[in-house]
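Student: Pasting start_2.cif below, which is mmCIF, C-alpha atoms and all ligand atoms.
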```cif
data_coords
#
loop_
_atom_site.label_atom_id
_atom_site.label_comp_id
_atom_site.auth_asym_id
_atom_site.auth_seq_id
_atom_site.Cartn_x
_atom_site.Cartn_y
_atom_site.Cartn_z
CA MET Q 73 45.41 -40.31 2.92
CA VAL Q 74 47.97 -39.14 5.49
CA SER Q 75 47.45 -36.56 8.26
CA ILE Q 76 50.66 -34.91 9.49
CA ILE Q 77 50.46 -32.97 12.75
CA GLY Q 78 53.08 -30.19 12.87
CA ALA Q 79 54.56 -28.01 10.11
CA GLY Q 80 58.11 -27.90 11.49
CA PRO Q 81 61.03 -28.78 9.19
CA VAL Q 82 60.49 -32.52 9.56
CA GLY Q 83 56.70 -32.48 9.02
CA ASN Q 84 57.09 -30.26 5.94
CA TYR Q 85 59.91 -32.33 4.46
CA LEU Q 86 57.86 -35.51 4.96
CA ALA Q 87 54.75 -33.87 3.45
CA ALA Q 88 56.71 -32.99 0.31
CA LYS Q 89 58.10 -36.52 -0.03
CA LEU Q 90 54.74 -38.24 0.46
CA ALA Q 91 52.86 -35.83 -1.81
CA LYS Q 92 55.48 -36.41 -4.52
CA LYS Q 93 54.69 -40.12 -4.29
CA GLY Q 94 51.08 -39.23 -5.15
CA LEU Q 95 49.56 -39.58 -1.69
CA LYS Q 96 46.88 -37.19 -0.42
CA VAL Q 97 48.58 -35.31 2.43
CA ASP Q 98 47.04 -32.91 4.97
CA VAL Q 99 49.33 -30.94 7.30
CA TYR Q 100 47.86 -29.42 10.48
CA GLU Q 101 49.79 -26.67 12.28
CA GLU Q 102 48.68 -24.95 15.47
CA HIS Q 103 50.30 -21.62 14.60
CA LYS Q 104 49.00 -19.29 11.92
CA LYS Q 105 52.50 -18.70 10.58
CA ILE Q 106 54.89 -21.52 9.61
CA GLY Q 107 58.27 -21.47 11.37
CA ALA Q 108 57.30 -19.08 14.15
CA PRO Q 109 58.01 -18.78 17.00
CA VAL Q 110 61.64 -19.93 16.59
CA ALA Q 111 63.28 -22.20 19.17
CA CYS Q 112 66.47 -23.20 17.35
CA THR Q 113 70.01 -22.06 16.51
CA GLY Q 114 69.63 -23.13 12.91
CA ILE Q 115 73.02 -24.78 12.32
CA LEU Q 116 72.97 -27.29 9.50
CA THR Q 117 76.02 -29.39 8.68
CA PRO Q 118 77.01 -29.76 5.00
CA TYR Q 119 75.10 -33.07 4.88
CA ILE Q 120 71.87 -31.11 4.42
CA LYS Q 121 72.88 -31.00 0.75
CA ASP Q 122 72.44 -34.80 0.55
CA LEU Q 123 68.77 -34.28 1.41
CA MET Q 124 67.73 -31.13 -0.41
CA LYS Q 125 68.81 -28.29 -2.67
CA ILE Q 126 69.98 -25.36 -0.57
CA ASP Q 127 68.41 -21.97 -1.26
CA GLU Q 128 70.37 -18.80 -0.40
CA ASN Q 129 67.10 -17.09 0.65
CA TYR Q 130 67.08 -18.63 4.12
CA ILE Q 131 70.87 -18.75 4.69
CA VAL Q 132 71.86 -16.10 7.24
CA ASN Q 133 75.54 -17.01 7.46
CA LYS Q 134 78.08 -19.73 6.64
CA ILE Q 135 80.77 -20.84 9.06
CA ASN Q 136 83.92 -22.90 8.51
CA GLU Q 137 85.73 -22.97 11.87
CA THR Q 138 84.96 -23.74 15.49
CA TYR Q 139 86.65 -22.80 18.77
CA VAL Q 140 85.91 -25.28 21.56
CA TYR Q 141 86.52 -24.24 25.19
CA SER Q 142 87.02 -26.44 28.26
CA PRO Q 143 85.66 -25.29 31.67
CA ASP Q 144 89.18 -23.99 32.48
CA GLY Q 145 89.15 -21.83 29.36
CA ASN Q 146 91.54 -24.05 27.36
CA GLN Q 147 90.73 -23.73 23.71
CA VAL Q 148 91.15 -25.64 20.48
CA LYS Q 149 90.50 -24.28 16.98
CA ILE Q 150 89.21 -26.75 14.42
CA LYS Q 151 88.46 -26.20 10.72
CA LEU Q 152 85.03 -27.38 9.59
CA LYS Q 153 83.50 -27.98 6.20
CA LYS Q 154 81.06 -25.20 5.38
CA ASN Q 155 78.11 -25.24 7.85
CA TYR Q 156 74.98 -23.21 7.18
CA ILE Q 157 73.20 -20.94 9.65
CA VAL Q 158 69.57 -20.63 8.61
CA ASP Q 159 66.64 -18.41 9.45
CA ARG Q 160 64.27 -21.09 10.75
CA THR Q 161 61.10 -19.21 9.84
CA LEU Q 162 62.24 -18.89 6.22
CA PHE Q 163 63.67 -22.42 6.14
CA ASP Q 164 60.49 -24.06 7.46
CA SER Q 165 58.38 -21.92 5.09
CA ALA Q 166 60.55 -22.89 2.11
CA LEU Q 167 60.03 -26.58 2.93
CA ALA Q 168 56.27 -26.03 3.23
CA LYS Q 169 56.27 -24.27 -0.15
CA ILE Q 170 57.89 -27.34 -1.74
CA ALA Q 171 55.29 -29.58 -0.05
CA LYS Q 172 52.44 -27.40 -1.33
CA SER Q 173 53.89 -27.43 -4.85
CA GLU Q 174 53.80 -31.26 -4.68
CA GLY Q 175 50.11 -31.12 -3.70
CA ALA Q 176 50.12 -31.24 0.14
CA LYS Q 177 47.25 -29.29 1.74
CA TYR Q 178 48.02 -27.04 4.73
CA HIS Q 179 45.63 -26.18 7.58
CA LEU Q 180 47.19 -23.38 9.64
CA GLY Q 181 45.93 -22.25 13.04
CA LYS Q 182 44.62 -25.81 13.64
CA ARG Q 183 45.77 -27.27 16.95
CA LEU Q 184 45.24 -30.97 17.55
CA THR Q 185 43.36 -31.14 20.85
CA SER Q 186 42.73 -34.88 21.04
CA LEU Q 187 43.45 -38.08 19.17
CA LYS Q 188 41.43 -41.26 19.69
CA LEU Q 189 42.78 -44.48 18.29
CA GLY Q 190 40.57 -46.73 16.17
CA LYS Q 191 40.45 -48.36 12.75
CA GLN Q 192 40.08 -44.77 11.55
CA HIS Q 193 41.84 -42.57 14.11
CA LYS Q 194 39.69 -39.66 15.29
CA LEU Q 195 41.51 -36.30 15.21
CA LYS Q 196 39.94 -33.38 17.04
CA PHE Q 197 40.96 -29.77 16.36
CA GLY Q 198 38.69 -27.90 18.78
CA LYS Q 199 35.23 -28.37 17.27
CA ASP Q 200 36.47 -29.86 13.99
CA ILE Q 201 36.76 -33.64 13.75
CA PHE Q 202 38.60 -35.56 11.01
CA LYS Q 203 39.28 -39.26 10.58
CA ASP Q 204 42.33 -40.92 9.06
CA SER Q 205 43.97 -44.36 9.22
CA THR Q 206 47.50 -42.91 8.90
CA VAL Q 207 48.57 -40.16 11.30
CA VAL Q 208 52.10 -38.77 11.70
CA GLY Q 209 53.12 -36.94 14.86
CA ALA Q 210 55.68 -34.37 13.69
CA ASP Q 211 54.46 -32.22 16.57
CA GLY Q 212 57.73 -31.64 18.38
CA PRO Q 213 59.14 -32.64 21.78
CA ASN Q 214 55.87 -32.58 23.74
CA THR Q 215 53.99 -34.55 21.06
CA LEU Q 216 50.28 -34.90 21.79
CA VAL Q 217 50.16 -37.58 19.09
CA GLY Q 218 52.80 -39.57 21.00
CA ARG Q 219 51.02 -39.10 24.33
CA SER Q 220 47.64 -40.14 22.86
CA ALA Q 221 49.08 -43.22 21.14
CA GLY Q 222 50.87 -44.46 24.27
CA LEU Q 223 54.27 -43.72 22.73
CA PHE Q 224 55.49 -40.94 25.05
CA GLU Q 225 56.97 -43.23 27.73
CA ASN Q 226 59.63 -41.92 30.14
CA ARG Q 227 61.35 -39.31 28.02
CA LYS Q 228 64.12 -37.08 29.20
CA PHE Q 229 64.63 -33.51 28.09
CA VAL Q 230 67.22 -30.78 28.31
CA ALA Q 231 66.25 -27.14 28.22
CA GLY Q 232 67.68 -25.04 25.39
CA HIS Q 233 67.91 -21.38 26.44
CA GLN Q 234 69.00 -19.04 23.66
CA ALA Q 235 68.89 -15.36 22.75
CA ARG Q 236 69.72 -13.30 19.66
CA VAL Q 237 72.26 -10.80 20.91
CA LYS Q 238 73.62 -7.55 19.48
CA LEU Q 239 77.23 -7.64 20.66
CA LYS Q 240 79.24 -4.75 22.04
CA GLU Q 241 82.38 -5.90 20.27
CA LYS Q 242 82.88 -7.37 16.81
CA ILE Q 243 83.35 -11.15 16.40
CA ASP Q 244 84.65 -13.33 13.57
CA SER Q 245 81.50 -14.23 11.63
CA ASN Q 246 83.10 -17.42 10.23
CA VAL Q 247 83.61 -19.00 13.65
CA VAL Q 248 81.15 -20.85 15.88
CA GLU Q 249 82.18 -21.20 19.53
CA PHE Q 250 81.27 -24.11 21.81
CA PHE Q 251 81.68 -24.07 25.59
CA LEU Q 252 81.85 -27.38 27.44
CA ASP Q 253 81.24 -27.86 31.13
CA LYS Q 254 80.18 -30.41 33.70
CA GLY Q 255 77.16 -32.66 33.13
CA ASN Q 256 75.06 -32.25 30.03
CA TYR Q 257 75.87 -28.55 29.73
CA ILE Q 258 76.86 -27.17 26.37
CA GLY Q 259 77.05 -23.49 25.49
CA TRP Q 260 77.38 -21.89 22.06
CA LEU Q 261 77.89 -18.63 20.24
CA VAL Q 262 76.76 -18.79 16.64
CA PRO Q 263 77.32 -15.66 14.55
CA GLU Q 264 74.71 -14.27 12.20
CA THR Q 265 77.06 -11.35 11.37
CA ASN Q 266 80.15 -9.89 13.07
CA LYS Q 267 77.85 -7.97 15.44
CA ILE Q 268 74.85 -10.29 15.97
CA ALA Q 269 75.03 -13.80 17.42
CA ARG Q 270 72.76 -16.57 18.69
CA ILE Q 271 74.06 -17.29 22.18
CA GLY Q 272 72.64 -20.18 24.18
CA VAL Q 273 73.05 -23.07 26.55
CA ALA Q 274 71.46 -26.50 26.86
CA SER Q 275 71.33 -28.32 30.15
CA HIS Q 276 69.05 -30.37 32.42
CA LYS Q 277 69.01 -27.60 34.99
CA ASN Q 278 70.19 -24.07 35.88
CA VAL Q 279 69.92 -22.85 32.28
CA ASN Q 280 69.26 -19.24 33.34
CA LYS Q 281 72.38 -19.17 35.53
CA TYR Q 282 74.52 -20.84 32.85
CA PHE Q 283 73.18 -18.43 30.24
CA ASN Q 284 74.01 -15.42 32.42
CA ASP Q 285 77.52 -16.82 33.02
CA LEU Q 286 78.02 -17.18 29.28
CA MET Q 287 76.81 -13.64 28.64
CA LYS Q 288 79.55 -12.35 30.96
CA ARG Q 289 82.07 -13.47 28.32
CA ARG Q 290 80.41 -11.41 25.56
CA GLU Q 291 78.49 -8.32 26.53
CA GLY Q 292 75.58 -7.27 24.41
CA LYS Q 293 71.92 -6.36 24.12
CA ILE Q 294 69.33 -9.13 23.95
CA LEU Q 295 67.15 -8.76 20.87
CA GLY Q 296 64.84 -11.73 21.52
CA TRP Q 297 64.53 -15.20 23.04
CA GLN Q 298 64.51 -18.51 21.11
CA SER Q 299 64.28 -21.13 23.86
CA GLY Q 300 62.68 -24.57 23.93
CA ALA Q 301 62.76 -28.18 25.13
CA ILE Q 302 65.14 -30.65 23.48
CA PRO Q 303 64.39 -34.39 23.78
CA VAL Q 304 67.22 -36.76 24.68
CA TYR Q 305 67.42 -39.58 22.12
CA ASP Q 306 65.90 -42.82 23.40
CA HIS Q 307 66.95 -45.79 21.27
CA LYS Q 308 64.36 -48.02 22.96
CA ALA Q 309 61.40 -45.72 22.34
CA ASN Q 310 58.45 -47.09 20.35
CA ILE Q 311 57.71 -44.76 17.46
CA GLU Q 312 54.76 -46.47 15.77
CA ASN Q 313 51.44 -47.94 16.78
CA ASN Q 314 48.71 -49.12 14.43
CA GLY Q 315 49.13 -46.53 11.66
CA ILE Q 316 50.36 -43.78 13.98
CA TYR Q 317 53.99 -42.76 13.49
CA LEU Q 318 56.24 -40.34 15.38
CA ILE Q 319 59.02 -38.43 13.67
CA GLY Q 320 61.64 -35.74 14.38
CA ASP Q 321 61.66 -34.32 17.91
CA ALA Q 322 58.40 -36.19 18.59
CA ALA Q 323 60.41 -39.40 18.15
CA THR Q 324 63.47 -38.04 20.07
CA GLN Q 325 65.53 -38.19 16.83
CA VAL Q 326 68.08 -35.63 18.04
CA LYS Q 327 71.89 -35.89 18.25
CA ALA Q 328 72.60 -36.04 21.98
CA THR Q 329 76.02 -34.37 21.63
CA THR Q 330 75.13 -31.14 19.86
CA TYR Q 331 71.31 -31.37 20.21
CA GLY Q 332 70.84 -30.93 16.46
CA GLY Q 333 67.65 -32.61 15.24
CA ILE Q 334 66.79 -31.25 11.81
CA ILE Q 335 68.94 -33.56 9.66
CA PRO Q 336 68.22 -36.81 11.61
CA GLY Q 337 64.47 -36.02 11.50
CA MET Q 338 64.60 -35.47 7.74
CA LYS Q 339 66.47 -38.75 7.28
CA ALA Q 340 63.80 -40.56 9.29
CA ALA Q 341 61.25 -38.94 6.95
CA ASP Q 342 62.92 -40.66 3.99
CA VAL Q 343 62.41 -44.00 5.78
CA LEU Q 344 58.79 -43.22 6.68
CA THR Q 345 58.01 -42.14 3.10
CA ASP Q 346 58.91 -45.65 1.88
CA VAL Q 347 56.99 -47.33 4.70
CA ILE Q 348 53.77 -45.36 4.07
CA SER Q 349 53.89 -45.20 0.27
CA GLU Q 350 54.69 -48.91 -0.05
CA ASN Q 351 52.12 -49.82 2.63
CA LYS Q 352 54.73 -51.74 4.63
CA SER Q 353 53.69 -53.72 7.70
CA GLU Q 354 53.82 -52.62 11.35
CA GLY Q 355 57.39 -52.59 12.68
CA CYS Q 356 59.05 -51.66 9.36
CA TYR Q 357 59.39 -47.97 10.29
CA GLN Q 358 60.92 -48.75 13.70
CA LYS Q 359 63.31 -51.22 12.07
CA GLY Q 360 64.12 -48.89 9.16
CA VAL Q 361 65.01 -46.03 11.50
CA LYS Q 362 67.18 -48.33 13.61
CA ASN Q 363 69.07 -49.50 10.52
CA THR Q 364 69.63 -46.01 9.10
CA ILE Q 365 70.02 -43.20 11.64
CA GLY Q 366 69.75 -45.46 14.73
CA LYS Q 367 73.42 -46.46 15.00
CA ASN Q 368 74.59 -42.90 14.58
CA LEU Q 369 72.12 -41.43 17.12
CA TRP Q 370 73.09 -44.18 19.55
CA SER Q 371 76.80 -43.22 19.15
CA HIS Q 372 75.93 -39.58 19.92
CA LEU Q 373 74.06 -40.80 23.01
CA ILE Q 374 77.01 -42.84 24.29
CA ILE Q 375 79.37 -39.87 23.77
CA ARG Q 376 76.89 -37.67 25.68
CA LYS Q 377 76.69 -40.25 28.51
CA ILE Q 378 80.50 -40.25 28.73
CA MET Q 379 80.70 -36.45 28.69
CA ASN Q 380 77.96 -36.23 31.34
CA ARG Q 381 80.52 -37.87 33.65
CA PHE Q 382 83.54 -35.77 32.63
CA SER Q 383 85.64 -33.94 35.20
CA LYS Q 384 87.48 -30.68 34.40
CA GLU Q 385 90.64 -32.75 33.85
CA ASP Q 386 88.86 -34.94 31.29
CA TYR Q 387 87.79 -31.85 29.34
CA ASN Q 388 91.34 -30.49 29.38
CA LYS Q 389 92.63 -33.89 28.18
CA LEU Q 390 90.05 -33.90 25.40
CA ILE Q 391 91.00 -30.41 24.23
CA LYS Q 392 94.69 -31.40 24.27
CA LEU Q 393 94.02 -34.51 22.15
CA CYS Q 394 92.01 -32.42 19.69
CA GLU Q 395 94.98 -30.09 19.23
CA LYS Q 396 96.81 -32.84 17.30
CA LYS Q 397 96.82 -32.17 13.56
CA SER Q 398 95.78 -35.74 12.69
CA VAL Q 399 92.73 -35.42 15.00
CA LYS Q 400 91.76 -32.04 13.53
CA ASP Q 401 92.05 -33.54 10.04
CA LEU Q 402 89.75 -36.43 10.98
CA ILE Q 403 87.15 -34.10 12.52
CA TYR Q 404 87.24 -32.04 9.32
CA LYS Q 405 86.94 -35.09 7.10
CA TYR Q 406 84.35 -37.16 8.98
CA ASP Q 407 82.36 -34.38 10.68
CA ARG Q 408 80.24 -34.48 13.85
CA GLU Q 409 77.10 -35.42 11.87
CA TYR Q 410 78.27 -39.05 11.67
CA ALA Q 411 79.57 -39.68 15.17
CA SER Q 412 79.97 -43.45 14.80
CA LYS Q 413 82.37 -43.15 11.84
CA LEU Q 414 84.27 -40.25 13.44
CA VAL Q 415 84.71 -42.04 16.77
CA PHE Q 416 85.94 -45.19 15.03
CA LYS Q 417 88.55 -43.21 13.04
CA LEU Q 418 89.63 -41.23 16.13
CA LEU Q 419 90.12 -44.40 18.18
CA ILE Q 420 92.36 -45.90 15.50
CA ASN Q 421 94.34 -42.66 15.17
CA GLN Q 422 94.61 -41.87 18.90
CA PRO Q 423 93.90 -44.93 21.11
CA LYS Q 424 94.02 -42.54 24.12
CA PHE Q 425 90.43 -41.58 23.24
CA ALA Q 426 89.41 -45.05 24.49
CA SER Q 427 90.42 -44.08 28.04
CA PHE Q 428 87.35 -41.78 28.23
CA ALA Q 429 85.11 -44.87 28.12
CA LYS Q 430 85.97 -45.57 31.78
CA CYS Q 431 83.91 -42.48 32.70
CA LEU Q 432 80.80 -44.59 31.98
CA PHE Q 433 81.41 -46.34 35.31
CA ARG Q 434 81.15 -43.04 37.21
CA LYS Q 435 78.03 -41.34 38.50
CA GLU Q 436 76.37 -39.00 36.01
CA ILE Q 437 76.68 -35.28 36.82
CA ILE Q 438 73.34 -33.58 36.14
C1 LIG S 501 67.62 -23.64 21.65
C2 LIG S 501 67.62 -24.72 20.58
C3 LIG S 501 68.63 -24.74 19.61
C4 LIG S 501 68.63 -25.73 18.62
N1 LIG S 501 69.59 -25.67 17.64
C5 LIG S 501 69.58 -26.57 16.63
C6 LIG S 501 70.52 -26.48 15.55
O1 LIG S 501 71.35 -25.59 15.51
N2 LIG S 501 70.45 -27.42 14.56
C7 LIG S 501 69.54 -28.43 14.57
O2 LIG S 501 69.54 -29.28 13.65
N3 LIG S 501 68.63 -28.54 15.59
C8 LIG S 501 68.62 -27.62 16.59
N4 LIG S 501 67.68 -27.70 17.59
C9 LIG S 501 66.70 -28.78 17.53
C10 LIG S 501 65.68 -28.48 16.42
O3 LIG S 501 65.06 -27.25 16.69
C11 LIG S 501 64.63 -29.59 16.35
O4 LIG S 501 65.29 -30.83 16.31
C12 LIG S 501 63.74 -29.43 15.13
O5 LIG S 501 63.02 -28.24 15.19
C13 LIG S 501 62.78 -30.60 15.05
O6 LIG S 501 61.89 -30.40 14.02
P1 LIG S 501 60.43 -31.06 14.08
O7 LIG S 501 59.78 -30.70 12.78
O8 LIG S 501 60.54 -32.48 14.49
O9 LIG S 501 59.71 -30.34 15.32
P2 LIG S 501 59.40 -28.82 15.59
O10 LIG S 501 60.34 -27.93 14.90
O11 LIG S 501 59.25 -28.71 17.06
O12 LIG S 501 57.98 -28.59 14.92
C14 LIG S 501 56.81 -29.10 15.49
C15 LIG S 501 55.64 -28.34 14.92
O13 LIG S 501 54.43 -28.94 15.41
C16 LIG S 501 53.54 -27.92 15.81
N5 LIG S 501 52.63 -28.49 16.83
C17 LIG S 501 52.96 -28.92 18.08
N6 LIG S 501 51.87 -29.41 18.71
C18 LIG S 501 50.84 -29.28 17.85
C19 LIG S 501 49.43 -29.60 17.92
N7 LIG S 501 48.91 -30.14 19.03
N8 LIG S 501 48.65 -29.35 16.83
C20 LIG S 501 49.19 -28.79 15.71
N9 LIG S 501 50.50 -28.46 15.58
C21 LIG S 501 51.31 -28.71 16.63
C22 LIG S 501 54.44 -26.81 16.38
O14 LIG S 501 53.81 -25.57 16.38
C23 LIG S 501 55.61 -26.88 15.38
O15 LIG S 501 55.42 -26.05 14.28
C24 LIG S 501 67.64 -26.73 18.61
C25 LIG S 501 66.63 -26.73 19.58
C26 LIG S 501 66.62 -25.72 20.56
C27 LIG S 501 65.53 -25.72 21.59
#
```
Go through the file and emit its structure as structure tokens.

Tutor:
Amino acid sequence: MVSIIGAGPVGNYLAAKLAKKGLKVDVYEEHKKIGAPVACTGILTPYIKDLMKIDENYIVNKINETYVYSPDGNQVKIKLKKNYIVDRTLFDSALAKIAKSEGAKYHLGKRLTSLKLGKQHKLKFGKDIFKDSTVVGADGPNTLVGRSAGLFENRKFVAGHQARVKLKEKIDSNVVEFFLDKGNYIGWLVPETNKIARIGVASHKNVNKYFNDLMKRREGKILGWQSGAIPVYDHKANIENNGIYLIGDAATQVKATTYGGIIPGMKAADVLTDVISENKSEGCYQKGVKNTIGKNLWSHLIIRKIMNRFSKEDYNKLIKLCEKKSVKDLIYKYDREYASKLVFKLLINQPKFASFAKCLFRKEII
């Protein structure tokens, strides 16, 4: 028996995998509707196809090019392999439908209110009490499961502040725009159509101001907000304790460069499926995650740490280096999903990239 707390993309994907292995799986979700409210841009790199069959029903748009801007407004255009923009409510629901078809049982409108550790862990949902020896916290960045199991530790977060915007002027619906600036700021414009875009910023602080600054570039009418907390990956974090496991945002499994967490969380779910279904001993999940997605998430973290110390000049230098055809070709071929491989190839191609490492000795700008 496995109790999964949270019916986000990672909890649902894990539920499907475990149920397929023949385990009895119960998923508890605090909201009455799966996938709502949305706090996500919904960009999925092509590598999603390695994990699951894509269904056109939840695809809102496909993009194949990015424009990246430095704080001074310098710009580089880079071709990308086809990325998908999904409707998160439909995407999460589609994953839950697969899990249900494999036999997982869903309990919607059930919020975990307390978790007491024991041989059989005691899960409280208001007045209802259940017991289980295997509990998975797929309950997002503020994970109550993690807090209750002593796994929350000293996490860091950035705030993601995003709106769906009806634009005054038409845009190219094949192009996603990224705006880089000091510290851990990153801004984006992700088109749904040539008139509607998801515009947002992520940063430790001043997100409202940064968002308003970004909106000055593209006027439009706000249709709704999709904001939320994004955990910063912590490679030292403990993610298991006596039959309690954390996964996805609850385990900080998010790329620290782009703040994308869906694919890394799903990959961790593949590891956890083997650990639970094969009854592997304590420590195997932690080790398995380290050996699979760990190296890549750590590379994203180091790049983020470097960029958190960038000056305007460093950004301009970066944009200039990315203008080289050989660099553009490598970014196209190796993709941002696998930062470790991409960085390695870029360093061989353009040793000047190595000079950015000296930024690590500067003070972080946050
Ligand atoms: C503004 C923004 C933009 C983003 N853009 C992207 C992007 O483009 N691509 C990408 O890959 N990632 C993106 N992310 C990150 C992505 O949203 C997360 O990494 C992803 O949602 C993690 O999935 P999850 O299943 O681990 O957690 P979540 O999606 O957070 O799901 C957790 C679920 O647990 C439920 N829950 C929480 N507490 C309880 C409780 N006590 N009891 C019961 N249920 C509970 C919640 O209701 C929720 O349904 C973005 C995040 C933000 C904030």

Student: Return as JSON, numbers by chain every polymer residue, whether protein, DNA or RNA, with at least one atom no more than 7 Å from an atom of ligand LIG 501 (chain S); count all atoms listed in the file.

Tutor: {"Q": [77, 78, 79, 80, 81, 82, 83, 100, 101, 102, 103, 106, 107, 111, 112, 113, 114, 115, 116, 182, 183, 184, 185, 210, 211, 212, 213, 215, 216, 231, 232, 233, 234, 272, 298, 299, 300, 301, 302, 319, 320, 321, 322, 326, 331, 332, 333, 334, 335, 337]}

Student: Tell me, as a PyMOL selection string, which residues lie within 9 Å of Lys92 of chain Q, counting all atoms listed in the file; anything in the same chain fewer than 4 positions away does not count.

Tutor: chain Q and resi 87-88+171+174-176

Student: With distances taken over all atoms listed in the file, which residue among Q:Lys240, Q:Lys417, Q:Lys191, Q:His372 lies nearest Asp306 of chain Q?

Tutor: Q:His372

Student: Which polymer residues have any atom within 9 Å of an atom of Tyr410 of chain Q, counting only C-alpha atoms, with same-chain residues fewer than 2 positions away left out, as a compact mmCIF listing (two decimals) with C-alpha atoms, in the coordinates of the input?

Tutor:
```txt
# COMPACT_ATOMS: atom_id res chain seq x y z
CA ASN Q 368 74.59 -42.90 14.58
CA LEU Q 369 72.12 -41.43 17.12
CA SER Q 371 76.80 -43.22 19.15
CA HIS Q 372 75.93 -39.58 19.92
CA TYR Q 406 84.35 -37.16 8.98
CA ASP Q 407 82.36 -34.38 10.68
CA ARG Q 408 80.24 -34.48 13.85
CA SER Q 412 79.97 -43.45 14.80
CA LYS Q 413 82.37 -43.15 11.84
CA LEU Q 414 84.27 -40.25 13.44
CA VAL Q 415 84.71 -42.04 16.77
```

Student: Quick one, how far is atom CA of Tyr139 of chain Q from atom CA of Ile403 of chain Q?

Tutor: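 Spanning atom CA of Tyr139 of chain Q to atom CA of Ile403 of chain Q is a straight-line distance of 12.9 Å.
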
Student: Find the distance between atom CA of Ser349 of chain Q and atom CA of Leu95 of chain Q and write it in Å to one decimal.

Tutor: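 Interatomic distance, atom CA of Ser349 of chain Q to atom CA of Leu95 of chain Q: 7.4 Å.
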
Student: For segment 205-208 of chain Q, work out the shell of residues within 9 Å, counting all atoms listed in the file and skipping chain neighbours fewer than 4 positions away, then give it as a PyMOL selection string.

Tutor: chain Q and resi 73-78+83+190-195+217+314-319+348
